[in-house]
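Source file: target_28.txt; contents: compact mmCIF, C-alpha atoms.
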# COMPACT_ATOMS: atom_id res chain seq x y z
CA MET M 21 -69.47 -82.81 -1.06
CA THR M 22 -66.14 -82.40 -2.87
CA VAL M 23 -66.16 -78.66 -2.22
CA LEU M 24 -66.89 -79.25 1.46
CA VAL M 25 -64.04 -81.77 1.75
CA LEU M 26 -61.56 -79.40 0.09
CA PHE M 27 -62.74 -76.55 2.28
CA GLY M 28 -62.31 -78.81 5.30
CA ILE M 29 -58.73 -79.60 4.24
CA ALA M 30 -57.89 -75.90 4.04
CA ILE M 31 -59.46 -75.23 7.45
CA SER M 32 -57.66 -78.23 8.97
CA SER M 33 -54.34 -76.95 7.63
CA PHE M 34 -55.13 -73.48 8.97
CA LEU M 35 -55.82 -74.86 12.46
CA LEU M 36 -52.83 -77.21 12.42
CA THR M 37 -50.55 -74.32 11.49
CA TRP M 38 -52.02 -72.26 14.30
CA GLY M 39 -51.23 -75.13 16.64
CA ALA M 40 -47.73 -75.40 15.19
CA ILE M 41 -47.10 -71.74 16.04
CA HIS M 42 -47.89 -72.33 19.70
CA TYR M 43 -45.94 -75.60 19.75
CA ALA M 44 -42.87 -73.94 18.22
CA LYS M 45 -42.99 -71.11 20.75
CA SER M 46 -43.33 -73.54 23.67
CA LYS M 47 -40.33 -75.57 22.42
CA ASN M 48 -38.34 -72.45 21.50
CA LEU M 49 -38.21 -73.55 17.86
CA LEU M 50 -37.54 -70.06 16.61
CA ASP M 51 -35.68 -68.75 13.59
CA ILE M 52 -33.30 -66.14 15.04
CA PRO M 53 -32.45 -63.26 12.65
CA ASN M 54 -28.82 -62.97 11.55
CA GLU M 55 -26.86 -61.28 8.76
CA ARG M 56 -28.15 -63.81 6.23
CA SER M 57 -31.80 -63.59 7.28
CA SER M 58 -34.61 -61.92 5.35
CA HIS M 59 -36.55 -61.22 8.54
CA ASP M 60 -35.83 -59.05 11.57
CA VAL M 61 -37.85 -60.67 14.37
CA GLU M 62 -37.76 -64.12 15.96
CA THR M 63 -40.22 -66.29 14.05
CA PRO M 64 -41.50 -69.81 14.80
CA ARG M 65 -40.51 -72.48 12.30
CA GLY M 66 -41.76 -75.94 11.38
CA GLY M 67 -45.25 -74.87 10.28
CA GLY M 68 -44.99 -77.08 7.21
CA ILE M 69 -46.01 -79.98 9.44
CA SER M 70 -49.63 -78.97 8.73
CA PHE M 71 -49.67 -79.70 4.99
CA VAL M 72 -47.19 -82.56 5.43
CA LEU M 73 -49.53 -84.45 7.78
CA ILE M 74 -52.58 -83.86 5.62
CA SER M 75 -50.79 -84.95 2.44
CA LEU M 76 -49.27 -88.08 3.99
CA VAL M 77 -52.53 -89.15 5.63
CA GLY M 78 -54.30 -88.68 2.32
CA LEU M 79 -51.60 -90.64 0.51
CA ALA M 80 -51.78 -93.44 3.09
CA LEU M 81 -55.56 -93.74 2.71
CA PHE M 82 -55.26 -93.77 -1.06
CA THR M 83 -52.52 -96.43 -0.90
CA ILE M 84 -54.70 -98.65 1.30
CA PHE M 85 -57.65 -98.10 -1.03
CA LEU M 86 -55.56 -99.33 -3.99
CA GLY M 87 -54.32 -102.34 -2.07
CA PHE M 88 -50.70 -101.10 -2.14
CA GLU M 89 -50.52 -101.26 -5.92
CA GLY M 90 -48.92 -98.85 -8.37
CA GLY M 91 -45.94 -97.89 -6.24
CA TRP M 92 -47.86 -95.37 -4.13
CA ALA M 93 -46.64 -97.09 -0.96
CA TRP M 94 -43.07 -96.36 -2.01
CA LEU M 95 -43.91 -92.67 -2.42
CA LEU M 96 -45.30 -92.75 1.11
CA PHE M 97 -42.27 -94.60 2.49
CA SER M 98 -39.77 -92.31 0.75
CA SER M 99 -41.66 -89.19 1.82
CA LEU M 100 -41.51 -90.37 5.43
CA ILE M 101 -37.71 -90.61 5.17
CA VAL M 102 -37.49 -87.00 3.98
CA VAL M 103 -39.99 -85.79 6.58
CA THR M 104 -38.27 -87.64 9.44
CA ILE M 105 -34.77 -86.32 8.74
CA SER M 106 -36.17 -82.82 8.23
CA TYR M 107 -38.17 -82.97 11.48
CA ILE M 108 -35.03 -83.95 13.37
CA ASP M 109 -33.10 -81.15 11.70
CA ASP M 110 -35.78 -78.59 12.61
CA HIS M 111 -35.63 -79.70 16.26
CA GLY M 112 -31.88 -79.94 16.55
CA HIS M 113 -29.15 -80.44 14.00
CA VAL M 114 -28.38 -83.07 11.39
CA SER M 115 -25.02 -83.02 9.64
CA SER M 116 -25.00 -82.21 5.92
CA LYS M 117 -23.58 -85.67 5.23
CA ASN M 118 -26.32 -87.57 7.06
CA ARG M 119 -29.04 -85.39 5.60
CA PHE M 120 -27.66 -85.91 2.09
CA ILE M 121 -27.49 -89.70 2.56
CA ALA M 122 -31.12 -89.77 3.74
CA HIS M 123 -32.16 -87.70 0.74
CA LEU M 124 -30.34 -90.03 -1.66
CA ILE M 125 -31.99 -93.12 -0.14
CA ALA M 126 -35.44 -91.53 -0.40
CA CYS M 127 -34.89 -90.32 -3.97
CA CYS M 128 -33.38 -93.61 -5.13
CA SER M 129 -36.25 -95.69 -3.72
CA VAL M 130 -39.00 -93.48 -5.12
CA VAL M 131 -37.38 -93.25 -8.58
CA TYR M 132 -36.85 -97.01 -8.74
CA PHE M 133 -40.24 -98.14 -7.44
CA PHE M 134 -42.63 -95.23 -8.12
CA CYS M 135 -41.50 -92.80 -10.82
CA PRO M 136 -38.80 -94.24 -13.11
CA PHE M 137 -37.01 -91.69 -15.25
CA PRO M 138 -39.27 -91.15 -18.27
CA VAL M 139 -38.66 -91.50 -21.98
CA VAL M 140 -37.31 -88.13 -23.16
CA PRO M 141 -38.76 -86.74 -26.43
CA LEU M 142 -36.02 -84.81 -28.21
CA LEU M 143 -36.40 -83.34 -31.71
CA GLY M 144 -37.90 -86.43 -33.29
CA LEU M 145 -36.17 -88.94 -31.02
CA ASN M 146 -37.47 -90.77 -27.97
CA LEU M 147 -34.52 -91.34 -25.68
CA GLN M 148 -34.60 -94.19 -23.14
CA PHE M 149 -31.86 -94.23 -20.52
CA GLY M 150 -32.39 -97.56 -18.78
CA VAL M 151 -30.18 -97.97 -15.70
CA LEU M 152 -28.63 -94.55 -16.34
CA GLY M 153 -32.14 -93.14 -15.97
CA LEU M 154 -32.22 -94.29 -12.33
CA PHE M 155 -29.11 -92.24 -11.63
CA MET M 156 -30.44 -89.23 -13.57
CA GLY M 157 -33.78 -89.34 -11.81
CA MET M 158 -32.15 -89.64 -8.40
CA ILE M 159 -29.88 -86.64 -9.04
CA LEU M 160 -32.73 -84.53 -10.42
CA LEU M 161 -35.07 -85.32 -7.53
CA THR M 162 -32.33 -84.72 -4.95
CA TRP M 163 -31.64 -81.35 -6.53
CA LEU M 164 -35.33 -80.38 -6.60
CA LEU M 165 -35.57 -81.33 -2.93
CA ASN M 166 -32.60 -79.22 -1.92
CA LEU M 167 -33.23 -76.23 -4.18
CA TYR M 168 -36.66 -75.87 -2.61
CA ASN M 169 -34.94 -75.52 0.75
CA PHE M 170 -32.46 -73.00 -0.70
CA MET M 171 -35.26 -70.88 -2.17
CA ASP M 172 -37.40 -70.78 0.98
CA GLY M 173 -35.86 -67.51 2.09
CA ILE M 174 -38.56 -64.85 2.13
CA ASP M 175 -42.12 -64.88 3.42
CA GLY M 176 -44.58 -66.72 1.21
CA ILE M 177 -42.36 -67.53 -1.77
CA ALA M 178 -42.16 -71.29 -1.19
CA SER M 179 -45.90 -71.46 -0.53
CA ILE M 180 -46.96 -69.69 -3.71
CA GLU M 181 -44.47 -71.74 -5.74
CA ALA M 182 -45.95 -74.95 -4.33
CA LEU M 183 -49.44 -73.74 -5.24
CA PHE M 184 -48.34 -72.90 -8.79
CA ILE M 185 -46.57 -76.23 -9.36
CA SER M 186 -49.38 -78.38 -7.96
CA ILE M 187 -52.11 -76.43 -9.81
CA SER M 188 -50.04 -76.61 -13.01
CA LEU M 189 -49.61 -80.37 -12.66
CA LEU M 190 -53.36 -80.74 -12.18
CA ILE M 191 -54.07 -78.65 -15.29
CA LEU M 192 -51.32 -80.04 -17.52
CA VAL M 193 -52.03 -83.67 -16.73
CA GLY M 194 -55.64 -83.00 -17.76
CA ILE M 195 -54.63 -81.68 -21.20
CA PRO M 196 -53.91 -85.10 -22.77
CA VAL M 197 -57.14 -86.45 -21.30
CA ALA M 198 -59.14 -83.69 -23.00
CA GLN M 199 -57.33 -83.57 -26.34
CA VAL M 200 -60.00 -85.62 -28.13
CA GLY M 201 -62.49 -82.82 -27.50
CA GLU M 202 -64.11 -84.19 -24.39
CA PHE M 203 -62.83 -85.65 -21.16
CA ARG M 204 -62.30 -89.38 -21.15
CA GLU M 205 -63.02 -91.39 -18.05
CA LEU M 206 -60.11 -91.10 -15.66
CA THR M 207 -58.20 -94.17 -14.54
CA ILE M 208 -57.66 -94.95 -10.86
CA GLN M 209 -54.08 -93.71 -11.19
CA GLN M 210 -55.22 -90.42 -12.71
CA GLU M 211 -57.88 -89.97 -10.03
CA GLY M 212 -55.30 -90.63 -7.33
CA TYR M 213 -52.92 -88.17 -8.94
CA ALA M 214 -55.61 -85.48 -9.01
CA ILE M 215 -56.46 -86.17 -5.37
CA LEU M 216 -52.83 -85.73 -4.29
CA CYS M 217 -52.53 -82.47 -6.22
CA LEU M 218 -55.71 -81.17 -4.59
CA LEU M 219 -54.46 -82.24 -1.15
CA ILE M 220 -51.29 -80.21 -1.67
CA ILE M 221 -53.17 -77.21 -3.06
CA PHE M 222 -55.74 -76.84 -0.30
CA SER M 223 -53.46 -77.81 2.57
CA VAL M 224 -50.86 -75.27 1.43
CA VAL M 225 -53.61 -72.63 1.13
CA GLY M 226 -54.39 -73.08 4.83
CA PHE M 227 -50.71 -72.69 5.71
CA THR M 228 -50.16 -69.69 3.42
CA PHE M 229 -52.55 -67.58 5.50
CA TRP M 230 -49.95 -67.68 8.28
CA ASN M 231 -46.93 -67.51 5.97
CA TRP M 232 -47.87 -64.58 3.72
CA PRO M 233 -45.80 -61.45 4.47
CA THR M 234 -45.39 -60.70 7.27
CA ALA M 235 -45.05 -64.41 8.12
CA ARG M 236 -46.11 -65.55 11.57
CA ILE M 237 -44.44 -68.93 11.02
CA PHE M 238 -41.99 -70.47 8.56
CA MET M 239 -42.52 -73.89 7.02
CA GLY M 240 -39.04 -75.08 8.09
CA ASP M 241 -37.04 -77.87 6.50
CA ILE M 242 -39.90 -80.29 7.09
CA GLY M 243 -42.11 -78.23 4.80
CA SER M 244 -39.65 -77.13 2.12
CA GLY M 245 -37.93 -80.52 1.89
CA PHE M 246 -41.24 -82.34 1.61
CA LEU M 247 -42.58 -80.00 -1.07
CA GLY M 248 -39.47 -80.20 -3.23
CA PHE M 249 -39.40 -83.99 -2.98
CA PHE M 250 -43.13 -84.69 -3.26
CA LEU M 251 -43.85 -82.29 -6.12
CA GLY M 252 -40.75 -83.47 -7.96
CA ALA M 253 -41.85 -87.09 -7.59
CA LEU M 254 -45.36 -86.25 -8.83
CA GLY M 255 -43.84 -84.49 -11.83
CA LEU M 256 -41.61 -87.45 -12.72
CA TYR M 257 -44.53 -89.84 -12.26
CA ALA M 258 -46.71 -87.86 -14.69
CA ALA M 259 -43.85 -87.71 -17.20
CA GLY M 260 -43.34 -91.46 -16.85
CA LYS M 261 -47.03 -92.00 -17.67
CA GLU M 262 -46.55 -89.70 -20.70
CA TRP M 263 -49.25 -87.34 -19.45
CA ILE M 264 -46.60 -84.62 -19.67
CA THR M 265 -42.86 -84.65 -20.47
CA ILE M 266 -39.71 -84.14 -18.44
CA TRP M 267 -39.41 -80.73 -20.12
CA THR M 268 -42.80 -79.79 -18.71
CA VAL M 269 -41.67 -80.69 -15.20
CA LEU M 270 -38.53 -78.58 -15.49
CA ILE M 271 -40.45 -75.62 -16.90
CA ILE M 272 -42.98 -75.41 -14.06
CA PHE M 273 -40.11 -75.54 -11.54
CA GLY M 274 -38.43 -72.80 -13.59
CA VAL M 275 -38.34 -69.90 -11.12
CA PHE M 276 -36.67 -71.94 -8.39
CA LEU M 277 -34.64 -74.08 -10.79
CA VAL M 278 -33.00 -71.20 -12.65
CA ASP M 279 -32.24 -69.05 -9.59
CA ALA M 280 -30.82 -71.87 -7.47
CA THR M 281 -28.86 -73.54 -10.29
CA ILE M 282 -27.27 -70.38 -11.70
CA THR M 283 -26.41 -69.15 -8.20
CA LEU M 284 -24.84 -72.50 -7.31
CA LEU M 285 -22.80 -72.73 -10.52
CA LEU M 286 -21.48 -69.19 -10.14
CA ARG M 287 -20.59 -69.79 -6.49
CA MET M 288 -18.69 -72.93 -7.45
CA TYR M 289 -16.95 -71.05 -10.28
CA ARG M 290 -15.84 -68.40 -7.78
CA GLY M 291 -14.53 -71.07 -5.40
CA GLU M 292 -17.21 -70.37 -2.79
CA SER M 293 -18.72 -73.09 -0.64
CA TRP M 294 -22.14 -74.00 -2.05
CA LEU M 295 -23.14 -75.72 1.21
CA GLN M 296 -22.54 -72.63 3.34
CA PRO M 297 -25.61 -70.43 3.95
CA HIS M 298 -25.60 -67.20 1.96
CA ARG M 299 -27.75 -64.36 0.65
CA THR M 300 -26.74 -64.33 -2.99
CA HIS M 301 -29.84 -65.79 -4.63
CA PHE M 302 -31.46 -63.43 -7.11
CA TYR M 303 -34.74 -63.27 -5.22
CA GLN M 304 -32.83 -62.18 -2.09
CA ARG M 305 -30.84 -59.61 -4.04
CA ILE M 306 -33.91 -58.11 -5.68
CA THR M 307 -35.67 -58.04 -2.30
CA ASP M 308 -32.80 -56.01 -0.82
CA LYS M 309 -32.88 -53.61 -3.78
CA ILE M 310 -36.62 -53.07 -3.39
CA ILE M 311 -36.17 -52.36 0.33
CA LEU M 312 -33.43 -49.80 -0.39
CA PHE M 313 -35.43 -48.13 -3.18
CA ARG M 314 -38.58 -47.98 -1.07
CA LYS M 315 -36.71 -46.59 1.92
CA ARG M 316 -35.09 -43.79 -0.09
CA ARG M 317 -38.36 -42.90 -1.74
CA LEU M 318 -40.22 -42.63 1.56
CA GLU M 319 -37.37 -40.73 3.22
CA ASN M 320 -37.53 -38.18 0.39
CA LYS M 321 -41.13 -37.64 1.46
CA GLU M 322 -39.88 -37.18 5.05
CA MET M 323 -41.39 -40.48 6.12
CA LYS M 324 -39.54 -42.97 8.33
CA PRO M 325 -40.73 -46.49 7.60
CA SER M 326 -39.79 -49.33 9.92
CA GLN M 327 -37.61 -52.17 8.68
CA SER M 328 -40.52 -54.57 9.14
CA GLU M 329 -42.75 -52.45 6.92
CA LEU M 330 -40.07 -52.29 4.24
CA ARG M 331 -39.50 -56.05 4.32
CA LYS M 332 -43.23 -56.74 4.13
CA TYR M 333 -43.58 -54.49 1.09
CA ALA M 334 -40.56 -56.05 -0.65
CA HIS M 335 -41.58 -59.64 0.07
CA GLN M 336 -45.10 -59.03 -1.24
CA LEU M 337 -43.78 -57.35 -4.38
CA VAL M 338 -41.34 -60.19 -5.11
CA ASN M 339 -44.11 -62.75 -4.58
CA VAL M 340 -46.38 -60.89 -7.00
CA GLY M 341 -43.54 -60.91 -9.51
CA VAL M 342 -43.07 -64.66 -9.09
CA ILE M 343 -46.80 -65.22 -9.58
CA PHE M 344 -46.75 -63.10 -12.75
CA ILE M 345 -43.76 -64.95 -14.24
CA ASN M 346 -45.28 -68.33 -13.41
CA ILE M 347 -48.75 -67.66 -14.81
CA CYS M 348 -47.95 -65.41 -17.77
CA TRP M 349 -44.66 -66.94 -18.93
CA LEU M 350 -43.91 -70.42 -17.60
CA LEU M 351 -47.40 -71.93 -17.64
CA PRO M 352 -47.98 -71.13 -21.35
CA ALA M 353 -44.53 -72.58 -22.12
CA ALA M 354 -45.38 -75.72 -20.14
CA MET M 355 -48.63 -76.10 -22.08
CA LEU M 356 -46.72 -75.84 -25.36
CA SER M 357 -44.35 -78.58 -24.18
CA VAL M 358 -47.34 -80.87 -23.66
CA TYR M 359 -48.79 -80.18 -27.10
CA TYR M 360 -45.41 -80.30 -28.83
CA PRO M 361 -43.34 -82.76 -26.76
CA GLN M 362 -40.58 -83.23 -29.36
CA TRP M 363 -39.84 -79.50 -29.18
CA GLY M 364 -39.94 -79.45 -25.39
CA VAL M 365 -36.21 -78.82 -24.98
CA VAL M 366 -36.38 -75.79 -27.29
CA ILE M 367 -39.45 -74.47 -25.49
CA MET M 368 -37.76 -74.95 -22.11
CA PHE M 369 -34.57 -73.10 -23.07
CA THR M 370 -36.62 -70.31 -24.68
CA ALA M 371 -38.58 -69.94 -21.44
CA PHE M 372 -35.46 -70.09 -19.26
CA LEU M 373 -33.16 -67.84 -21.31
CA PRO M 374 -34.50 -64.44 -20.14
CA MET M 375 -34.41 -65.60 -16.51
CA ILE M 376 -30.90 -67.02 -16.89
CA LEU M 377 -29.60 -63.77 -18.36
CA ILE M 378 -31.21 -61.65 -15.63
CA VAL M 379 -29.92 -63.82 -12.78
CA ALA M 380 -26.42 -64.14 -14.27
CA LYS M 381 -26.19 -60.42 -15.04
CA ASP M 382 -27.19 -59.50 -11.50
CA ARG M 383 -24.62 -61.88 -10.00
CA ILE M 384 -21.80 -60.70 -12.29
CA SER M 385 -22.57 -57.02 -11.67
CA ARG M 386 -22.51 -57.70 -7.92
CA GLU M 387 -19.06 -59.25 -8.18
CA LYS M 388 -17.73 -56.20 -10.04
CA MET M 389 -18.85 -53.83 -7.29

Rewrite the structure of this file - the entire thing - as structure tokens.
Amino acid sequence: MTVLVLFGIAISSFLLTWGAIHYAKSKNLLDIPNERSSHDVETPRGGGISFVLISLVGLALFTIFLGFEGGWAWLLFSSLIVVTISYIDDHGHVSSKNRFIAHLIACCSVVYFFCPFPVVPLLGLNLQFGVLGLFMGMILLTWLLNLYNFMDGIDGIASIEALFISISLLILVGIPVAQVGEFRELTIQQEGYAILCLLIIFSVVGFTFWNWPTARIFMGDIGSGFLGFFLGALGLYAAGKEWITIWTVLIIFGVFLVDATITLLLRMYRGESWLQPHRTHFYQRITDKIILFRKRRLENKEMKPSQSELRKYAHQLVNVGVIFINICWLLPAAMLSVYYPQWGVVIMFTAFLPMILIVAKDRISREKM
């Protein structure tokens, strides 16, 4: 029965995304290519509505089942704020100021009522931040929300990152439960947590079919904003329950976190506007390099590939690289941070250091050109 339900979720997401494609075309909700785009044809946007609806309906049913206990209603309420402002932005335009205010309200409410900033294990100490933790949690969740939007720039990358993060949370939260050698009986909160992770996983799978290179629809702000916010909130919640640590949460967001943060800091250092759209993220730079390399190689063989073919190849290759880094590098590091929480900060910086150096080196070399 469980398998059938999960399969039904994936199929429902698949069909809802198909409907979103036709809706976007009828309303002219199209992403028009420009000099900052990573695509070369008009593409419908807003397809994230499929997994958003499924996740929120599932969360609402679970909240009602619990009798509105445990703060789950606040997660639902805060998610609706993010989804509403993003939906409006996808259909028209919302100023950066108003969007930022809405994000702050949503993040503040969910951190205060649902996922307070957790105790931070640090080299033998357990740091509690009290009121300061509310501010820290709000800033962190706001950044996770926005960086997910920044990193949704090539076909499929935001989808596969969402799958990795949600699957990782499901696995890592289960580690403490199984540490005694056999699984203990799950609490209602743990069962609900697993259900939400599975909802995200299988609903995003249905959407990814349409979003994998070459994408036939983009998730839009409604999808990327929701994923950054919802997955961030789930991560903080698990850390607050001491199923994992805050270091674990940061590690599994590592690919997006490092690229977006280093790019932002370097742009600010150079006096560039960090709010203005750009194409200076590492994943965009490496995509362009792959396209150029592939084009030259095929031209040497007297072949003339189309730009669409080159972009498809590059996007797929970058996505495979992201999958490899996540599974072979970040997931083992995240597991270590669960088993050795006091050393989590060391494990996190060890995992991030190679990525930081690569991203920073690429940005600096670009500026010297």

>> Nearest residue to M:Met239 out of M:Phe313, M:Phe85, M:Tyr107, M:Trp363, using all atoms listed in the file?
In response: M:Tyr107

> With distances taken over all atoms listed in the file, which of M:Phe302, M:Trp38, M:Phe246, M:Tyr43 is nearest to M:His123?
Replying inline: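 Checking each candidate against M:His123, we get M:Phe246 as the closest.
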
> How far is it from atom CA of M:Ser58 to atom CA of M:Val224, in Å with one decimal?
Replying inline: 21.4 Å

> For M:Gln336, which of M:Leu161, M:Ala258, M:Leu24, M:Ile311 is the closest residue, counting all atoms listed in the file?
Replying inline: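 Nearest candidate to M:Gln336 out of M:Leu161, M:Ala258, M:Leu24, M:Ile311: M:Ile311.
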
> Got a sec: who's within 12 Å of M:Val366, counting all atoms listed in the file, leaving out chain neighbours fewer than 3 positions off, as an NGL selection string?
Replying inline: :M and (141-143 or 267-268 or 271 or 353-354 or 356-357 or 360-363 or 369-373)

Would you output that residue set with C-alpha atoms, as an mmCIF file, in the coordinates of the input?
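This is the output file result_7.cif:
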data_model
loop_
_atom_site.group_PDB
_atom_site.id
_atom_site.type_symbol
_atom_site.label_atom_id
_atom_site.label_comp_id
_atom_site.auth_asym_id
_atom_site.auth_seq_id
_atom_site.Cartn_x
_atom_site.Cartn_y
_atom_site.Cartn_z
ATOM 1 C CA PRO M 141 -38.760 -86.740 -26.430
ATOM 2 C CA LEU M 142 -36.020 -84.810 -28.210
ATOM 3 C CA LEU M 143 -36.400 -83.340 -31.710
ATOM 4 C CA TRP M 267 -39.410 -80.730 -20.120
ATOM 5 C CA THR M 268 -42.800 -79.790 -18.710
ATOM 6 C CA ILE M 271 -40.450 -75.620 -16.900
ATOM 7 C CA ALA M 353 -44.530 -72.580 -22.120
ATOM 8 C CA ALA M 354 -45.380 -75.720 -20.140
ATOM 9 C CA LEU M 356 -46.720 -75.840 -25.360
ATOM 10 C CA SER M 357 -44.350 -78.580 -24.180
ATOM 11 C CA TYR M 360 -45.410 -80.300 -28.830
ATOM 12 C CA PRO M 361 -43.340 -82.760 -26.760
ATOM 13 C CA GLN M 362 -40.580 -83.230 -29.360
ATOM 14 C CA TRP M 363 -39.840 -79.500 -29.180
ATOM 15 C CA PHE M 369 -34.570 -73.100 -23.070
ATOM 16 C CA THR M 370 -36.620 -70.310 -24.680
ATOM 17 C CA ALA M 371 -38.580 -69.940 -21.440
ATOM 18 C CA PHE M 372 -35.460 -70.090 -19.260
ATOM 19 C CA LEU M 373 -33.160 -67.840 -21.310
#

>> When you count all atoms listed in the file, which of these residues is closest to M:Ala280: M:Thr300, M:Ser115, M:Ser223, M:Thr37?
In response: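 Checking each of M:Thr300, M:Ser115, M:Ser223, M:Thr37 against M:Ala280, counting all atoms listed in the file, the winner is M:Thr300.
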
> Between atom CA of M:Leu254 and atom CA of M:Gln210, what is the spacing in Å?
Replying inline: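 Atom CA of M:Leu254 lies 11.4 Å from atom CA of M:Gln210.
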
> For M:Tyr257, which residue among M:Leu79, M:Leu190, M:Cys135, M:Ile378 is the nearest when counting only C-alpha atoms?
Replying inline: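 Distance minimum relative to M:Tyr257 lands on M:Cys135.
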
> What is the atom CA of M:Leu270-atom CA of M:Leu189 distance in Å, reported with one decimal?
Replying inline: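 Atom CA of M:Leu189 lies 11.6 Å from atom CA of M:Leu270.
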
> From the list M:Ile306, M:Val379, M:Ile221, M:Val103, which residue is nearest M:Leu285 when using all atoms listed in the file?
Replying inline: M:Val379

>> Can you pull out the residues contacting M:Asp60? Cut-off 9 Å, using all atoms listed in the file, and skip same-chain residues under 4 positions away; I want them as number ranges by chain.
In response: M: 52-54, 327-328, 331

>> I'd like the neighbourhood of M:Lys324 as an NGL selection string, where a residue qualifies if any of its atoms comes within 12 Å (using only C-alpha atoms), though same-chain residues fewer than 6 positions away should be ignored.
In response: :M and (314-318 or 330)

>> When you look at M:Ile215 with a cut-off of 12 Å (counting all atoms listed in the file), what residues show up, excluding the ones that are within fewer than 2 positions of it in the same chain? I need them as number ranges by chain.
In response: M: 22, 25-26, 29, 74-76, 78-79, 81-83, 186-187, 189-190, 206, 208-213, 217-223, 254

Sorted per-residue table, stretch 218-328 of chain M near stretch 337-350 of chain M, closest atoms and distance, 9 Å, all atoms listed in the file, as JSON lines:
{"residue": "M:Ile271", "atom": "CA", "partner": "M:Leu350", "partner_atom": "CA", "distance": 6.3}
{"residue": "M:Ile272", "atom": "CA", "partner": "M:Leu350", "partner_atom": "CA", "distance": 6.2}
{"residue": "M:Phe273", "atom": "CA", "partner": "M:Leu350", "partner_atom": "CA", "distance": 8.8}
{"residue": "M:Gly274", "atom": "CA", "partner": "M:Leu350", "partner_atom": "CA", "distance": 7.2}
{"residue": "M:Val275", "atom": "CA", "partner": "M:Val342", "partner_atom": "CA", "distance": 7.3}
{"residue": "M:Tyr303", "atom": "CA", "partner": "M:Val338", "partner_atom": "CA", "distance": 7.3}
{"residue": "M:Ile306", "atom": "CA", "partner": "M:Val338", "partner_atom": "CA", "distance": 7.7}
{"residue": "M:Thr307", "atom": "CA", "partner": "M:Val338", "partner_atom": "CA", "distance": 6.7}
{"residue": "M:Ile310", "atom": "CA", "partner": "M:Leu337", "partner_atom": "CA", "distance": 8.4}
